[in-house]
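Participant: Take this structure, written in structure tokens, and hold onto it; I'll ask about it next.
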Amino acid sequence: TNNSSISATNCLISNCGKNLALVKGGDYQFVHCTIASYSNDYILHKDPVLLASNYINVNNVPQAAPLNALFRNCIFWGEGGLVDDEVVIAGDPGATLTVSFDYGLWKIQKTDPSSVAGVTANQIINNQPPLFDSINTSKRYYDFHLQMNSPAIDKGINAGVSIDLDGKP
């Protein structure tokens with residue numbers, strides 16, 4: 001999205017190319033969301049599952065707008081592609097950048113998003129596979145439930161979400 005507003009709770013965003021690209025600012029809140037991508041016969045996983053930026057280049061000229069984003073109890077993961085950092089935050093000094101990650105799990109190999117000015121990270125699990133139940137890209141089968149031994153189990157904070165995607169407490 002481009003300078004928009006999204007409030008998403010209990011969502012699964014998966015295998016859709018660029019997954020989640022929030023550019024040129026906006027106001028966003030993602031709670032209990034999983035954003036994941038796996039290369040398969042139809043999609044090469046080559047972009048981070050999350051790109052958040054307070055600017056966009058138009059004809060090589062940055063256009064900036066304030067970005068305010070909160071990601072709480074979220075998982076950012078990708079496999080089988082060319083991506084080292086599944087979370088990328090980009091800031092332009094021409095606009096405010098405020099991005100918070102609370103109680104999440106992400107795959108980051110090179111650049112920690114919290115090293116970007118305006119980004120905070122609290123209680124993040126780094127580079128530990130979330131242990132999704134079953135992923136079989138050749139059969140196009142994706143079950144993003146967490147296995148009982150997932151490092152993400154019981155690691156979130158109470159965010160007022162009382163049911164999961166299956167409608168269970």
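Following the order of the structure tokens, first chain is A, next is B, and so on, with residues numbered from 1 inside each chain and ligands from 1 in the order they appear.
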Can you list, as a ChimeraX atom specification, every protein, DNA or RNA residue that comes within 10 Å of stretch 16-25 of chain A when you count only C-alpha atoms, leaving out same-chain residues fewer than 4 positions away?
Facilitator: /A:1-6,35-39,42-57,62-69,87-92,95-98
Participant: Using only C-alpha atoms, which protein or nucleic acid residues come within 6 Å of A:Cys33? Drop anything in the same chain fewer than 5 positions from it, and give the result as a PyMOL selection string.
Facilitator: chain A and resi 10-12+74
Participant: Determine, using only C-alpha atoms, which residues of stretch 90-137 of chain A have any atom at most 6 Å from an atom of stretch 141-149 of chain A, and tabulate each with its shortest atom pair and distance in Å to one decimal place, rows ordered by chain and then rising number, as CSV.
Facilitator:
```
residue,atom,partner,partner_atom,distance
A:Leu131,CA,A:Gln147,CA,5.8
A:Phe132,CA,A:Leu146,CA,4.6
A:Asp133,CA,A:Gln147,CA,5.2
A:Ser134,CA,A:Asp143,CA,5.0
A:Ile135,CA,A:Tyr142,CA,4.6
A:Asn136,CA,A:Tyr141,CA,5.1
```
Participant: Could you take the residues named above and write them with N, CA and C atoms, as a short mmCIF file (atom, residue, chain, number, x, y, z; two decimals), in the first residue's frame?
Facilitator:
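Okay, out-v2.cif is ready:
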```cif
data_model
loop_
_atom_site.label_atom_id
_atom_site.label_comp_id
_atom_site.auth_asym_id
_atom_site.auth_seq_id
_atom_site.Cartn_x
_atom_site.Cartn_y
_atom_site.Cartn_z
N LEU A 131 8.68 -23.30 12.94
CA LEU A 131 8.19 -24.68 12.94
C LEU A 131 6.71 -24.75 12.61
N PHE A 132 6.41 -24.33 11.39
CA PHE A 132 5.05 -24.48 10.89
C PHE A 132 4.73 -25.97 10.78
N ASP A 133 3.48 -26.32 10.88
CA ASP A 133 3.06 -27.72 10.92
C ASP A 133 3.54 -28.50 9.70
N SER A 134 3.15 -28.09 8.52
CA SER A 134 3.51 -28.83 7.31
C SER A 134 3.63 -27.87 6.13
N ILE A 135 4.80 -27.86 5.54
CA ILE A 135 5.02 -27.09 4.32
C ILE A 135 5.60 -28.06 3.30
N ASN A 136 4.90 -28.23 2.18
CA ASN A 136 5.37 -29.08 1.11
C ASN A 136 5.16 -28.31 -0.19
#
```
Participant: Fewer than 5 positions away in the same chain doesn't count, so skip those; otherwise give me all residues within 12 Å of A:Lys155, counting only C-alpha atoms, as a list in words.
Facilitator: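 Listed by chain and then number, they are His32, Arg72, Asn73, Cys74, Ile75, Asp102, Tyr103, Gly104, Leu105, Asn122, Gln123, Ile124, Ile125, Pro130, Asn149 and Ser150 of chain A.
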Participant: Write the selection just made, keeping all heavy atoms, as a tab-separated table (two decimals), in the first residue's frame?
Facilitator:
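Contents of the output file part_5.tsv:
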```tsv
chain	number	residue	atom	x	y	z
A	32	HIS	N	-1.03	-10.35	15.95
A	32	HIS	CA	-1.20	-11.80	15.75
A	32	HIS	C	-1.26	-12.15	14.27
A	32	HIS	O	-2.17	-12.84	13.81
A	32	HIS	CB	-2.46	-12.31	16.45
A	32	HIS	CG	-2.36	-12.41	17.92
A	32	HIS	ND1	-1.57	-13.33	18.55
A	32	HIS	CD2	-2.95	-11.69	18.90
A	32	HIS	CE1	-1.68	-13.18	19.86
A	32	HIS	NE2	-2.51	-12.19	20.10
A	72	ARG	N	2.72	-6.53	16.51
A	72	ARG	CA	2.72	-7.20	17.83
A	72	ARG	C	2.33	-8.66	17.65
A	72	ARG	O	1.35	-8.98	17.00
A	72	ARG	CB	1.73	-6.49	18.76
A	72	ARG	CG	1.67	-7.14	20.15
A	72	ARG	CD	0.94	-6.26	21.14
A	72	ARG	NE	1.80	-5.13	21.47
A	72	ARG	CZ	1.35	-3.88	21.61
A	72	ARG	NH1	0.09	-3.60	21.46
A	72	ARG	NH2	2.21	-2.92	21.91
A	73	ASN	N	3.12	-9.54	18.26
A	73	ASN	CA	2.88	-10.99	18.19
A	73	ASN	C	2.84	-11.47	16.74
A	73	ASN	O	1.96	-12.24	16.35
A	73	ASN	CB	1.58	-11.38	18.89
A	73	ASN	CG	1.59	-11.07	20.38
A	73	ASN	OD1	2.64	-10.85	20.96
A	73	ASN	ND2	0.42	-11.04	20.97
A	74	CYS	N	3.79	-11.04	15.94
A	74	CYS	CA	3.81	-11.38	14.51
A	74	CYS	C	5.03	-12.24	14.18
A	74	CYS	O	6.07	-12.16	14.82
A	74	CYS	CB	3.84	-10.12	13.66
A	74	CYS	SG	2.33	-9.14	13.74
A	75	ILE	N	4.86	-13.06	13.14
A	75	ILE	CA	5.93	-13.91	12.61
A	75	ILE	C	6.23	-13.45	11.19
A	75	ILE	O	5.31	-13.30	10.38
A	75	ILE	CB	5.52	-15.39	12.62
A	75	ILE	CG1	5.34	-15.88	14.05
A	75	ILE	CG2	6.55	-16.25	11.87
A	75	ILE	CD1	4.77	-17.29	14.16
A	102	ASP	N	6.85	-5.77	18.67
A	102	ASP	CA	6.72	-6.29	20.03
A	102	ASP	C	6.38	-7.77	19.98
A	102	ASP	O	5.40	-8.15	19.35
A	102	ASP	CB	5.59	-5.56	20.79
A	102	ASP	CG	5.97	-4.15	21.18
A	102	ASP	OD1	7.16	-3.90	21.45
A	102	ASP	OD2	5.08	-3.29	21.22
A	103	TYR	N	7.18	-8.57	20.65
A	103	TYR	CA	6.91	-10.00	20.81
A	103	TYR	C	6.66	-10.67	19.46
A	103	TYR	O	5.54	-10.99	19.11
A	103	TYR	CB	5.72	-10.21	21.75
A	103	TYR	CG	6.01	-9.74	23.15
A	103	TYR	CD1	5.80	-8.42	23.51
A	103	TYR	CD2	6.52	-10.61	24.09
A	103	TYR	CE1	6.09	-7.97	24.79
A	103	TYR	CE2	6.80	-10.18	25.38
A	103	TYR	CZ	6.59	-8.86	25.71
A	103	TYR	OH	6.89	-8.42	26.97
A	104	GLY	N	7.72	-10.87	18.74
A	104	GLY	CA	7.59	-11.49	17.43
A	104	GLY	C	8.73	-12.43	17.14
A	104	GLY	O	9.61	-12.69	17.96
A	105	LEU	N	8.70	-12.96	15.93
A	105	LEU	CA	9.74	-13.85	15.43
A	105	LEU	C	10.05	-13.41	14.02
A	105	LEU	O	9.12	-13.19	13.23
A	105	LEU	CB	9.26	-15.30	15.47
A	105	LEU	CG	10.24	-16.38	15.02
A	105	LEU	CD1	9.93	-17.69	15.75
A	105	LEU	CD2	10.22	-16.61	13.52
A	122	ASN	N	11.16	-5.27	20.68
A	122	ASN	CA	11.05	-5.74	22.06
A	122	ASN	C	10.64	-7.21	22.05
A	122	ASN	O	9.63	-7.56	21.45
A	122	ASN	CB	10.01	-4.89	22.80
A	122	ASN	CG	9.79	-5.34	24.21
A	122	ASN	OD1	10.72	-5.67	24.93
A	122	ASN	ND2	8.54	-5.35	24.62
A	123	GLN	N	11.44	-8.05	22.70
A	123	GLN	CA	11.14	-9.47	22.82
A	123	GLN	C	10.97	-10.15	21.45
A	123	GLN	O	9.95	-10.77	21.16
A	123	GLN	CB	9.89	-9.69	23.68
A	123	GLN	CG	9.99	-9.16	25.09
A	123	GLN	CD	11.06	-9.89	25.89
A	123	GLN	OE1	11.16	-11.11	25.83
A	123	GLN	NE2	11.87	-9.15	26.62
A	124	ILE	N	11.99	-10.03	20.62
A	124	ILE	CA	11.97	-10.63	19.29
A	124	ILE	C	12.82	-11.91	19.29
A	124	ILE	O	13.93	-11.92	19.82
A	124	ILE	CB	12.52	-9.65	18.23
A	124	ILE	CG1	11.69	-8.37	18.21
A	124	ILE	CG2	12.59	-10.30	16.86
A	124	ILE	CD1	10.24	-8.55	17.82
A	125	ILE	N	12.30	-12.95	18.70
A	125	ILE	CA	13.03	-14.21	18.52
A	125	ILE	C	13.72	-14.12	17.15
A	125	ILE	O	13.05	-13.99	16.12
A	125	ILE	CB	12.08	-15.42	18.58
A	125	ILE	CG1	11.38	-15.46	19.94
A	125	ILE	CG2	12.85	-16.71	18.29
A	125	ILE	CD1	10.20	-16.42	19.99
A	130	PRO	N	10.00	-20.91	12.78
A	130	PRO	CA	8.76	-20.95	13.57
A	130	PRO	C	8.18	-22.35	13.71
A	130	PRO	O	7.30	-22.56	14.54
A	130	PRO	CB	7.82	-20.03	12.81
A	130	PRO	CG	8.37	-19.95	11.42
A	130	PRO	CD	9.83	-20.18	11.53
A	149	ASN	N	6.36	-27.64	19.54
A	149	ASN	CA	7.69	-27.24	20.00
A	149	ASN	C	8.19	-25.96	19.31
A	149	ASN	O	9.38	-25.64	19.37
A	149	ASN	CB	8.69	-28.38	19.81
A	149	ASN	CG	8.77	-28.84	18.37
A	149	ASN	OD1	7.88	-28.58	17.56
A	149	ASN	ND2	9.84	-29.55	18.04
A	150	SER	N	7.28	-25.20	18.69
A	150	SER	CA	7.66	-23.94	18.05
A	150	SER	C	8.18	-22.95	19.09
A	150	SER	O	7.62	-22.82	20.18
A	150	SER	CB	6.44	-23.32	17.35
A	150	SER	OG	6.73	-21.99	16.96
```
Participant: Under the rule that only C-alpha atoms are counted, which of A:Gly167, A:Gly94, A:Gly26, A:Gly78 is the nearest residue to A:Asn127?
Facilitator: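 Among the listed residues, A:Gly78 lies closest to A:Asn127.
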Participant: Between atom CA of A:Lys107 and atom CA of A:Ser7, what is the distance in Å, rounded to a tenth?
Facilitator: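 For atom CA of A:Lys107 relative to atom CA of A:Ser7, the distance reads 23.1 Å.
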Participant: Report, in Å with one decimal, the straight-line distance from atom CA of A:Ile157 to atom CA of A:Phe76.
Facilitator: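 These atoms are spaced 16.7 Å apart.
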Participant: One number please: atom CA of A:Gln109 to atom CA of A:Ala121, in Å, one decimal.
Facilitator: 15.7 Å
